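The next block is input_8.txt, given as compact mmCIF, C-alpha atoms.
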# COMPACT_ATOMS: atom_id res chain seq x y z
CA MET X 1 162.22 74.11 163.11
CA VAL X 2 162.13 77.81 162.24
CA TRP X 3 164.98 80.26 162.74
CA TYR X 4 164.02 83.93 163.03
CA ASP X 5 165.53 87.34 163.78
CA GLY X 6 164.22 88.29 167.21
CA ALA X 7 165.57 91.82 166.75
CA CYS X 8 163.31 92.43 163.73
CA PRO X 9 159.89 93.91 164.65
CA LEU X 10 158.24 92.52 161.50
CA CYS X 11 159.71 89.05 162.14
CA MET X 12 158.51 89.15 165.75
CA ARG X 13 154.93 89.96 164.68
CA GLU X 14 154.97 87.17 162.09
CA ILE X 15 156.37 84.61 164.55
CA ALA X 16 153.86 85.66 167.24
CA LEU X 17 151.03 84.97 164.79
CA MET X 18 152.52 81.64 163.71
CA ARG X 19 152.90 80.59 167.36
CA GLN X 20 149.22 81.34 167.96
CA LEU X 21 148.22 79.31 164.90
CA ASP X 22 150.53 76.41 165.80
CA VAL X 23 148.04 74.94 168.28
CA ARG X 24 149.76 71.53 168.18
CA ARG X 25 153.11 73.16 169.06
CA SER X 26 154.76 71.24 166.24
CA ILE X 27 157.22 74.00 165.33
CA LEU X 28 160.33 74.85 167.33
CA PHE X 29 160.98 78.57 166.87
CA LEU X 30 164.59 79.62 167.44
CA ASN X 31 165.59 83.25 167.91
CA ILE X 32 169.00 83.71 166.30
CA ALA X 33 169.37 87.43 167.08
CA PRO X 34 171.65 86.89 170.11
CA ALA X 35 175.33 86.82 169.14
CA ASP X 36 175.78 83.45 170.84
CA ALA X 37 172.86 81.78 168.99
CA VAL X 38 173.65 78.42 167.45
CA CYS X 39 172.94 78.31 163.71
CA PRO X 40 173.34 75.44 161.25
CA LEU X 41 174.46 77.91 158.55
CA ASP X 42 176.29 81.23 158.59
CA ARG X 43 174.47 83.39 161.15
CA GLN X 44 174.47 86.54 158.99
CA LEU X 45 173.00 84.58 156.09
CA MET X 46 170.28 83.21 158.33
CA LEU X 47 169.49 86.66 159.72
CA ALA X 48 169.20 88.08 156.22
CA ARG X 49 166.65 85.54 155.01
CA PHE X 50 163.95 83.41 156.64
CA HIS X 51 164.94 79.75 157.23
CA ALA X 52 163.08 76.61 158.26
CA SER X 53 163.77 72.90 158.19
CA GLU X 54 161.45 70.25 156.85
CA ASP X 55 162.30 66.55 156.77
CA GLY X 56 165.91 67.35 157.65
CA VAL X 57 166.35 69.84 154.80
CA ILE X 58 167.04 73.52 155.50
CA LEU X 59 164.94 75.79 153.31
CA SER X 60 165.11 79.56 152.91
CA GLY X 61 162.89 82.36 151.68
CA ALA X 62 159.48 81.47 150.25
CA ALA X 63 160.20 77.73 150.47
CA ALA X 64 160.80 78.11 154.22
CA PHE X 65 157.52 80.00 154.69
CA ALA X 66 155.66 77.28 152.75
CA ALA X 67 157.24 74.59 154.94
CA MET X 68 156.21 76.45 158.09
CA TRP X 69 152.65 76.79 156.79
CA ARG X 70 152.50 73.06 156.03
CA ALA X 71 153.19 72.37 159.72
CA ILE X 72 150.16 74.44 160.80
CA PRO X 73 146.81 72.74 160.10
CA LEU X 74 144.96 75.96 159.26
CA LEU X 75 147.65 77.01 156.75
CA LYS X 76 148.54 73.54 155.42
CA PRO X 77 146.60 73.92 152.13
CA LEU X 78 148.35 77.23 151.44
CA GLY X 79 151.69 75.57 152.18
CA TYR X 80 151.01 72.87 149.59
CA ILE X 81 149.86 75.42 147.01
CA ALA X 82 153.03 77.46 147.64
CA ARG X 83 155.16 74.32 147.10
CA ASN X 84 154.08 74.16 143.46
CA ARG X 85 155.72 76.67 141.16
Go ahead and express the file in the form of structure tokens.
Amino acid sequence: MVWYDGACPLCMREIALMRQLDVRRSILFLNIAPADAVCPLDRQLMLARFHASEDGVILSGAAAFAAMWRAIPLLKPLGYIARNR
């Protein structure tokens, strides 16, 4: 699951690309820009930084991007490389 800011033009372009690459439709993309959006953490915190869940754990920032990449076959190797510090 990926939470994104649907009011952010850069976020929208990134999510559009990820949706195209996610040919298996394995990622649920949730727009949290609407005021009534349901968020597992503080909404403002989630809008300020990219968040994704992997194996029931909510990740943010670079770790969230790496998790999203691991769910997309084409980007999976990059996601594993990004996991290692």
>> Please list as a PyMOL selection string every residue within 8 Å of segment 48-56 of chain X, counting only C-alpha atoms and excluding residues in the same chain fewer than 6 positions away.
In response: chain X and resi 1-4+64-65+67-68
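With distances taken over all atoms listed in the file, X:Trp69 is the one residue among X:Ala63, X:Met46, X:Trp69, X:Cys39 lying closest to Glu14 of chain X.
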> Closest to Pro73 of chain X among X:Asp5, X:Cys11, X:Ile32, X:Ile27, using all atoms listed in the file?
Replying inline: X:Ile27
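Going from atom CA of Pro40 of chain X over to atom CA of Ile58 of chain X, you cover 8.7 Å.
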> Nearest to Ala16 of chain X: which of X:Arg43, X:Phe29, X:Gly79, X:Val57 is it, counting only C-alpha atoms?
Replying inline: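 Of the candidates, the smallest distance to Ala16 of chain X is held by X:Phe29.
In this structure, atom CA of Leu78 of chain X sits 28.7 Å away from atom CA of Gln44 of chain X.
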>> Just to confirm, what's the straight-line distance from atom CA of Asp36 of chain X to atom CA of Val23 of chain X in Å (one decimal)?
In response: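 Computed distance, atom CA of Asp36 of chain X to atom CA of Val23 of chain X, equals 29.1 Å.
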> Quick one: residues within 8 Å of Tyr80 of chain X, only C-alpha atoms counted, chain neighbours fewer than 3 positions away excluded, as a ChimeraX atom specification?
Replying inline: /X:66,70,76-77,83-84
> Closest to Cys8 of chain X among X:Val38, X:Ala71, X:Gly61, X:Ala33, using all atoms listed in the file?
Replying inline: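 Ranking X:Val38, X:Ala71, X:Gly61, X:Ala33 by distance to Cys8 of chain X, first place goes to X:Ala33.
Across X:Leu59, X:Leu17, X:Leu75, X:Ala7, the tightest approach to Asn31 of chain X is made by X:Ala7 when counting all atoms listed in the file.
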> Hey, which of X:Leu28, X:Asp22, X:Ile15, X:Ser60 ends up closest to Leu41 of chain X? Count only C-alpha atoms.
Replying inline: X:Ser60
Model the absent atoms of segment 69-80 of chain X so that all heavy atoms are present, and write the result as an mmCIF file, keeping the file's coordinate frame.
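Output file part.cif follows:
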data_model
loop_
_atom_site.group_PDB
_atom_site.id
_atom_site.type_symbol
_atom_site.label_atom_id
_atom_site.label_comp_id
_atom_site.auth_asym_id
_atom_site.auth_seq_id
_atom_site.Cartn_x
_atom_site.Cartn_y
_atom_site.Cartn_z
ATOM 1 N N TRP X 69 154.102 76.850 156.941
ATOM 2 C CA TRP X 69 152.650 76.790 156.790
ATOM 3 C C TRP X 69 152.160 75.350 156.751
ATOM 4 O O TRP X 69 151.105 75.046 157.298
ATOM 5 C CB TRP X 69 152.219 77.516 155.522
ATOM 6 C CG TRP X 69 152.524 78.989 155.518
ATOM 7 C CD1 TRP X 69 152.730 79.793 156.601
ATOM 8 C CD2 TRP X 69 152.675 79.817 154.368
ATOM 9 N NE1 TRP X 69 153.005 81.082 156.192
ATOM 10 C CE2 TRP X 69 152.975 81.122 154.826
ATOM 11 C CE3 TRP X 69 152.600 79.595 153.001
ATOM 12 C CZ2 TRP X 69 153.171 82.188 153.963
ATOM 13 C CZ3 TRP X 69 152.797 80.655 152.137
ATOM 14 C CH2 TRP X 69 153.073 81.934 152.614
ATOM 15 N N ARG X 70 152.917 74.454 156.102
ATOM 16 C CA ARG X 70 152.500 73.060 156.030
ATOM 17 C C ARG X 70 152.452 72.392 157.404
ATOM 18 O O ARG X 70 151.755 71.396 157.605
ATOM 19 C CB ARG X 70 153.420 72.263 155.086
ATOM 20 C CG ARG X 70 153.146 72.557 153.617
ATOM 21 C CD ARG X 70 153.885 71.617 152.703
ATOM 22 N NE ARG X 70 155.324 71.766 152.743
ATOM 23 C CZ ARG X 70 156.023 72.644 152.026
ATOM 24 N NH1 ARG X 70 155.408 73.486 151.204
ATOM 25 N NH2 ARG X 70 157.339 72.683 152.121
ATOM 26 N N ALA X 71 153.180 72.923 158.362
ATOM 27 C CA ALA X 71 153.190 72.370 159.720
ATOM 28 C C ALA X 71 152.033 72.872 160.569
ATOM 29 O O ALA X 71 151.807 72.376 161.664
ATOM 30 C CB ALA X 71 154.523 72.705 160.407
ATOM 31 N N ILE X 72 151.279 73.850 160.053
ATOM 32 C CA ILE X 72 150.160 74.440 160.800
ATOM 33 C C ILE X 72 148.863 74.040 160.095
ATOM 34 O O ILE X 72 148.644 74.410 158.938
ATOM 35 C CB ILE X 72 150.314 75.981 160.850
ATOM 36 C CG1 ILE X 72 151.597 76.342 161.611
ATOM 37 C CG2 ILE X 72 149.090 76.622 161.488
ATOM 38 C CD1 ILE X 72 151.959 77.810 161.570
ATOM 39 N N PRO X 73 148.012 73.260 160.764
ATOM 40 C CA PRO X 73 146.810 72.740 160.100
ATOM 41 C C PRO X 73 145.990 73.784 159.330
ATOM 42 O O PRO X 73 145.585 73.541 158.198
ATOM 43 C CB PRO X 73 146.001 72.141 161.245
ATOM 44 C CG PRO X 73 147.059 71.712 162.228
ATOM 45 C CD PRO X 73 148.118 72.787 162.143
ATOM 46 N N LEU X 74 145.755 74.932 159.918
ATOM 47 C CA LEU X 74 144.960 75.960 159.260
ATOM 48 C C LEU X 74 145.608 76.446 157.955
ATOM 49 O O LEU X 74 144.910 76.779 156.999
ATOM 50 C CB LEU X 74 144.739 77.144 160.212
ATOM 51 C CG LEU X 74 143.904 78.297 159.680
ATOM 52 C CD1 LEU X 74 142.470 77.833 159.448
ATOM 53 C CD2 LEU X 74 143.926 79.462 160.650
ATOM 54 N N LEU X 75 146.933 76.476 157.914
ATOM 55 C CA LEU X 75 147.650 77.010 156.750
ATOM 56 C C LEU X 75 148.182 75.918 155.820
ATOM 57 O O LEU X 75 148.765 76.226 154.781
ATOM 58 C CB LEU X 75 148.821 77.885 157.219
ATOM 59 C CG LEU X 75 148.438 79.083 158.079
ATOM 60 C CD1 LEU X 75 149.682 79.819 158.533
ATOM 61 C CD2 LEU X 75 147.500 80.014 157.339
ATOM 62 N N LYS X 76 147.985 74.663 156.192
ATOM 63 C CA LYS X 76 148.540 73.540 155.420
ATOM 64 C C LYS X 76 148.184 73.604 153.932
ATOM 65 O O LYS X 76 149.067 73.442 153.084
ATOM 66 C CB LYS X 76 148.110 72.219 156.033
ATOM 67 C CG LYS X 76 148.841 71.035 155.492
ATOM 68 C CD LYS X 76 148.446 69.782 156.256
ATOM 69 C CE LYS X 76 149.724 69.071 156.608
ATOM 70 N NZ LYS X 76 149.549 67.970 157.505
ATOM 71 N N PRO X 77 146.913 73.852 153.563
ATOM 72 C CA PRO X 77 146.600 73.920 152.130
ATOM 73 C C PRO X 77 147.410 75.007 151.403
ATOM 74 O O PRO X 77 147.906 74.794 150.297
ATOM 75 C CB PRO X 77 145.105 74.244 152.096
ATOM 76 C CG PRO X 77 144.585 73.764 153.406
ATOM 77 C CD PRO X 77 145.716 73.984 154.382
ATOM 78 N N LEU X 78 147.548 76.155 152.035
ATOM 79 C CA LEU X 78 148.350 77.230 151.440
ATOM 80 C C LEU X 78 149.796 76.793 151.282
ATOM 81 O O LEU X 78 150.442 77.101 150.278
ATOM 82 C CB LEU X 78 148.255 78.486 152.321
ATOM 83 C CG LEU X 78 148.977 79.734 151.837
ATOM 84 C CD1 LEU X 78 148.448 80.164 150.480
ATOM 85 C CD2 LEU X 78 148.821 80.848 152.843
ATOM 86 N N GLY X 79 150.311 76.065 152.254
ATOM 87 C CA GLY X 79 151.690 75.570 152.180
ATOM 88 C C GLY X 79 151.900 74.622 151.018
ATOM 89 O O GLY X 79 152.937 74.646 150.368
ATOM 90 N N TYR X 80 150.897 73.782 150.728
ATOM 91 C CA TYR X 80 151.010 72.870 149.590
ATOM 92 C C TYR X 80 150.875 73.614 148.264
ATOM 93 O O TYR X 80 151.564 73.308 147.303
ATOM 94 C CB TYR X 80 149.998 71.733 149.688
ATOM 95 C CG TYR X 80 150.471 70.668 150.651
ATOM 96 C CD1 TYR X 80 149.822 70.462 151.863
ATOM 97 C CD2 TYR X 80 151.572 69.887 150.356
ATOM 98 C CE1 TYR X 80 150.272 69.499 152.753
ATOM 99 C CE2 TYR X 80 152.030 68.934 151.246
ATOM 100 C CZ TYR X 80 151.379 68.741 152.438
ATOM 101 O OH TYR X 80 151.836 67.795 153.315
#
